[in-house]
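Colleague: Dropping a structure here in structure tokens format, bear with me for questions.
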Amino acid sequence: MSNENNIYVTRPFLPPLGELMPSLERIWKSRDLTNGAMFHQEFERALALYLGVPYVSLFANATLALVTALQCLRISGEVITTPYSFVATAHSLLWNGIEPVFVDIDPKTLALDASRVEAAITPRTTAIMPVHVYGRPADVEGMQRVADNYGLKIIYDAAHTFGARYRGESLATFGDLSVLSFHATKVFNTFEGGAIVCHDAQTKQRIDFLKNFGFADEVTVVASGINGKMNEFQAALGLVQLQHIGDCIAKRAVIAARYDEAFSKIDGIGVLEMLPDYVPNYSYYPIFVDAGYPLVRDALYSRLREAGIFGRRYFYPLISDFPMYRGRPSAAKNTLSVAHRVANAVICLPIYPELSSTDQQRVVRIVRGD
Ligand code: T4K
């Protein structure tokens with residue numbers, strides 16, 4: 001599927017195989033493969049400690065975690081969310097029979113614009129589902145104010161935020177629940193994987209029931225749960241990956257700084273501004289192609305591809321433009337003008353710990369038009 005001369009938007013970090021072998025031997029010996037066994041428990045504890053959050057519940061992937069988070073808080077009716085995200089955000093609502101209501105994004109954070117949320121609230125609104133886009137914080141204070149005033153829950157899609165911090169805390173601590181992704185393309189990966197972060201033991205217990213078919217014990221089923229469990233292989237890998245995350249983020253920071261330097265000198269290429277009180281994880285490196293650049297965005301995107309550089313237009317098309325969403329009044333283009341402008345300008349460039357400076361220069365040269 002991949003070609004070694006190509007440069008992809010991301011490449012997963014993997015630890016040396018030898019570091020994983022002792023854990024694999026333990027799994028092979030114990031025959032405990034899944035259903036909340038030893039590595040699962042250990043990884044949940046280690047993650048809570050690393051992230052500095054009260055409780056973590058592991059999942060097979062973030063999409064199942066989002067679906068379960070909504071179930072956990074018994075969210076129904078309408079949920080206000082962003083069109084500028086990966087489809088899984090809104091799909092998790094449809095899977096629960098919930099009506100997504102799209103609201104435009106803030107041009108600075110690229111997350112749901114908290115100042116526009118209030119106007120979209122109806123008697124059927126029960127929650128807000130913002131996304132910390134590219135691992136950068138949404139307006140968590142603004143969002144909480146609206147939620148408190150109207151008695152709404154907040155579930156953050158925090159799929160991009162692993163290791164990112166805001167006001168001295170992990171970005172995954174905000175809201176009622178936050179959902180992380182450990183997919184292969186993420187800053188921190190367990191091949192597939194995800195987690196819900198919550199704030200009290202009772203909620204954690206409900207999530208744990210829900211991800212295991214609703215079983216409370218051998219003979220008691222308390223909810224129509226799903227099978228969302230992470231297996232022992234993934235959990236063991238996660239524990240090893242955790243030893244490397246600091247180094248991975250530090251390498252990404254170096255790459256991001258080189259891009260910042262290069263693009264500050266190219267007319268028509270915009271980059272994101274640093275936000276206050278924020279420690280990034282450098283999970284994505286988006287550039288925004290504007291009218292001052294000699295090519296339109298899609299022409300630059302194609303030129304990169306012809307050179308073997310596979311950037312991605314995250315997030316184009318907007319979720320609100322996909323067939324299962326576009327008929328809704330809140331999906332109308334004129335109500336989502338910031339999101340449309342951003343989605344039509346963005347290209348996420350390659351960034352990952354093992355991206356060599358030679359390959360990065362290849363990317364910069366194409367953008368510079370050399
Ligand atoms: N919420 C948000 C905001 C999200 O961004 C996502 C996922 C979710 C929720 C749901 O999380 P999960 O349920 O997946 O845990 C990718 C990922 O599949 C997806 O996880 C991610 N967001 C999204 C932003 O990106 P694609 O369709 O772009 O992936 P793909 O297969 O085209 O991969 C992109 C590039 O990554 C490839 O060109 C090469 C490289 N790659 C990929 C894989 C899978 C590798 O080098 N190795 C690999 O194994 O969606």
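By order in the structure tokens, chains are A, B, ...; within a chain, residues start at 1; ligands start at 1, following the order shown.
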At a cut-off of 9 Å around ligand 1, and using only C-alpha atoms and all ligand atoms, what residues come up? Please write them as a VMD selection string.
Modeller: chain A and resid 1 to 2 7 to 12 59 to 66 84 to 90 92 131 to 134 157 to 160 179 to 186 191 to 195 310 to 315
Colleague: Assign secondary structure with DSSP using the backbone only, and return the residues of segment 102-288 of chain A in strand (DSSP E or B) as an mmCIF file with C-alpha atoms, in the first residue's frame.
Modeller:
data_model
loop_
_atom_site.group_PDB
_atom_site.id
_atom_site.type_symbol
_atom_site.label_atom_id
_atom_site.label_comp_id
_atom_site.auth_asym_id
_atom_site.auth_seq_id
_atom_site.Cartn_x
_atom_site.Cartn_y
_atom_site.Cartn_z
ATOM 1 C CA PHE A 102 -23.981 22.124 13.214
ATOM 2 C CA ILE A 105 -16.207 27.353 13.999
ATOM 3 C CA LEU A 112 -16.877 25.000 17.583
ATOM 4 C CA THR A 125 -30.778 20.259 23.085
ATOM 5 C CA THR A 126 -29.103 18.067 25.704
ATOM 6 C CA ALA A 127 -25.378 18.391 25.039
ATOM 7 C CA ILE A 128 -22.520 20.047 23.184
ATOM 8 C CA MET A 129 -19.881 17.978 21.380
ATOM 9 C CA VAL A 131 -13.610 18.913 19.025
ATOM 10 C CA LYS A 153 -23.514 18.233 29.127
ATOM 11 C CA ILE A 154 -20.228 18.595 27.257
ATOM 12 C CA ILE A 155 -18.524 15.634 25.617
ATOM 13 C CA TYR A 156 -15.221 16.624 24.034
ATOM 14 C CA ASP A 157 -13.991 14.766 21.017
ATOM 15 C CA ARG A 165 -1.964 20.698 27.802
ATOM 16 C CA TYR A 166 -4.010 23.790 28.545
ATOM 17 C CA GLU A 169 -3.740 20.505 32.744
ATOM 18 C CA SER A 170 -4.209 17.786 30.184
ATOM 19 C CA LEU A 177 -16.322 13.370 29.348
ATOM 20 C CA SER A 178 -13.447 13.462 26.854
ATOM 21 C CA VAL A 179 -12.658 10.882 24.210
ATOM 22 C CA LEU A 180 -9.103 10.096 23.066
ATOM 23 C CA SER A 181 -8.001 8.146 19.977
ATOM 24 C CA GLY A 194 -9.231 4.929 22.338
ATOM 25 C CA ALA A 195 -10.367 5.955 25.792
ATOM 26 C CA ILE A 196 -12.940 7.923 27.737
ATOM 27 C CA VAL A 197 -11.677 10.229 30.462
ATOM 28 C CA CYS A 198 -14.164 10.832 33.294
ATOM 29 C CA ASN A 212 -18.784 -4.892 28.045
ATOM 30 C CA PHE A 215 -22.618 -6.812 32.189
ATOM 31 C CA ALA A 216 -22.372 -5.793 35.855
ATOM 32 C CA ASP A 217 -21.589 -9.381 36.860
ATOM 33 C CA THR A 220 -26.651 -9.160 35.598
ATOM 34 C CA VAL A 221 -26.983 -6.957 32.519
ATOM 35 C CA ASN A 227 -18.409 -4.636 22.832
ATOM 36 C CA ILE A 269 0.601 30.352 3.039
ATOM 37 C CA GLY A 270 -0.928 30.795 6.480
ATOM 38 C CA VAL A 271 -0.142 28.756 9.565
ATOM 39 C CA TYR A 278 -1.305 25.975 25.638
ATOM 40 C CA VAL A 279 1.381 23.285 25.340
ATOM 41 C CA TYR A 285 0.745 20.640 10.688
ATOM 42 C CA PRO A 286 -1.999 22.396 8.699
ATOM 43 C CA ILE A 287 -1.235 25.159 6.215
ATOM 44 C CA PHE A 288 -3.886 27.442 4.715
#
Colleague: Contacts of Ala236 of chain A at 10 Å or less, counting only C-alpha atoms, minus same-chain residues fewer than 5 places along, as a PyMOL selection string?
Modeller: chain A and resi 20-24+26-27+38-40+42-43+190+231+241
Colleague: Selected residues, C-alpha atoms, written as a CSV table (one decimal), in the first residue's frame, please.
Modeller:
chain,number,residue,atom,x,y,z
A,20,LEU,CA,7.3,-5.5,23.5
A,21,MET,CA,8.5,-9.1,23.6
A,22,PRO,CA,8.4,-9.6,27.4
A,23,SER,CA,4.8,-8.5,27.5
A,24,LEU,CA,3.9,-10.7,24.5
A,26,ARG,CA,3.3,-12.9,29.4
A,27,ILE,CA,0.2,-12.8,27.3
A,38,MET,CA,-3.8,-7.4,33.6
A,39,PHE,CA,-2.4,-5.2,30.9
A,40,HIS,CA,-5.7,-3.4,30.4
A,42,GLU,CA,-2.2,-1.5,34.2
A,43,PHE,CA,-2.5,0.7,31.1
A,190,THR,CA,-1.9,1.2,19.9
A,231,ASN,CA,-7.5,-6.2,24.1
A,241,GLN,CA,4.5,3.4,23.7
Colleague: List every residue of segment 226-297 of chain A that DSSP, applied to the backbone of this structure, places in alpha helix (DSSP H), and write the result as an MDAnalysis selection string.
Modeller: chainID A and resid 232:242 245:263 297
Colleague: Can those selected residues be exported to a file as a tab-separated table (two decimals), in the first residue's frame so that it contains N, CA and C atoms?
Modeller:
chain	number	residue	atom	x	y	z
A	232	GLU	N	-5.64	-7.19	25.25
A	232	GLU	CA	-4.38	-7.18	26.00
A	232	GLU	C	-3.18	-6.82	25.14
A	233	PHE	N	-3.21	-7.22	23.87
A	233	PHE	CA	-2.09	-6.88	22.98
A	233	PHE	C	-1.97	-5.37	22.85
A	234	GLN	N	-3.10	-4.70	22.59
A	234	GLN	CA	-3.09	-3.25	22.43
A	234	GLN	C	-2.66	-2.56	23.72
A	235	ALA	N	-3.16	-3.07	24.85
A	235	ALA	CA	-2.82	-2.44	26.13
A	235	ALA	C	-1.33	-2.60	26.44
A	236	ALA	N	-0.79	-3.78	26.13
A	236	ALA	CA	0.65	-4.01	26.37
A	236	ALA	C	1.48	-3.08	25.49
A	237	LEU	N	1.06	-2.94	24.23
A	237	LEU	CA	1.76	-2.03	23.33
A	237	LEU	C	1.68	-0.59	23.86
A	238	GLY	N	0.50	-0.22	24.33
A	238	GLY	CA	0.31	1.14	24.85
A	238	GLY	C	1.27	1.44	25.99
A	239	LEU	N	1.46	0.47	26.87
A	239	LEU	CA	2.38	0.68	28.00
A	239	LEU	C	3.80	0.93	27.51
A	240	VAL	N	4.20	0.23	26.47
A	240	VAL	CA	5.55	0.44	25.93
A	240	VAL	C	5.61	1.80	25.20
A	241	GLN	N	4.59	2.09	24.43
A	241	GLN	CA	4.54	3.37	23.70
A	241	GLN	C	4.66	4.56	24.66
A	242	LEU	N	4.07	4.41	25.83
A	242	LEU	CA	4.08	5.51	26.80
A	242	LEU	C	5.51	5.91	27.19
A	245	ILE	N	6.60	8.54	24.42
A	245	ILE	CA	5.75	9.64	23.97
A	245	ILE	C	6.45	11.01	24.10
A	246	GLY	N	7.22	11.17	25.18
A	246	GLY	CA	7.91	12.46	25.37
A	246	GLY	C	8.85	12.74	24.21
A	247	ASP	N	9.62	11.74	23.85
A	247	ASP	CA	10.58	11.86	22.75
A	247	ASP	C	9.86	12.11	21.42
A	248	CYS	N	8.75	11.41	21.22
A	248	CYS	CA	7.99	11.56	19.96
A	248	CYS	C	7.47	13.00	19.84
A	249	ILE	N	6.93	13.53	20.91
A	249	ILE	CA	6.39	14.90	20.84
A	249	ILE	C	7.54	15.89	20.65
A	250	ALA	N	8.67	15.65	21.30
A	250	ALA	CA	9.82	16.56	21.15
A	250	ALA	C	10.30	16.57	19.69
A	251	LYS	N	10.32	15.41	19.05
A	251	LYS	CA	10.75	15.36	17.64
A	251	LYS	C	9.75	16.08	16.74
A	252	ARG	N	8.48	15.93	17.04
A	252	ARG	CA	7.45	16.65	16.27
A	252	ARG	C	7.63	18.17	16.42
A	253	ALA	N	8.00	18.59	17.63
A	253	ALA	CA	8.17	20.04	17.89
A	253	ALA	C	9.27	20.61	16.99
A	254	VAL	N	10.34	19.86	16.82
A	254	VAL	CA	11.46	20.31	15.97
A	254	VAL	C	10.98	20.46	14.52
A	255	ILE	N	10.21	19.48	14.06
A	255	ILE	CA	9.70	19.52	12.67
A	255	ILE	C	8.76	20.71	12.49
A	256	ALA	N	7.87	20.92	13.49
A	256	ALA	CA	6.92	22.04	13.40
A	256	ALA	C	7.68	23.36	13.36
A	257	ALA	N	8.73	23.48	14.15
A	257	ALA	CA	9.50	24.74	14.18
A	257	ALA	C	10.16	24.99	12.83
A	258	ARG	N	10.66	23.93	12.18
A	258	ARG	CA	11.28	24.11	10.85
A	258	ARG	C	10.24	24.56	9.83
A	259	TYR	N	9.05	23.97	9.88
A	259	TYR	CA	7.97	24.41	8.97
A	259	TYR	C	7.63	25.88	9.24
A	260	ASP	N	7.47	26.21	10.54
A	260	ASP	CA	7.10	27.61	10.90
A	260	ASP	C	8.07	28.59	10.27
A	261	GLU	N	9.35	28.27	10.41
A	261	GLU	CA	10.42	29.13	9.89
A	261	GLU	C	10.29	29.25	8.36
A	262	ALA	N	10.12	28.11	7.69
A	262	ALA	CA	10.07	28.12	6.22
A	262	ALA	C	8.84	28.88	5.71
A	263	PHE	N	7.69	28.67	6.33
A	263	PHE	CA	6.45	29.24	5.79
A	263	PHE	C	6.27	30.71	6.15
A	297	ARG	N	-5.65	25.98	-3.63
A	297	ARG	CA	-5.30	24.90	-2.70
A	297	ARG	C	-5.21	23.54	-3.41
Colleague: In Å to one decimal, how far is atom CA of Thr203 of chain A from atom CA of Glu141 of chain A?
Modeller: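 Between atom CA of Glu141 of chain A and atom CA of Thr203 of chain A the gap works out to 22.6 Å.
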Colleague: Restricting the calculation to only C-alpha atoms, which member of A:Gly292, A:Pro317, A:Gly151, A:Gly52 is positioned closest to Val342 of chain A?
Modeller: A:Pro317
Colleague: How far is it from atom CA of Val79 of chain A to atom CA of Leu93 of chain A, in Å with one decimal?
Modeller: 7.7 Å
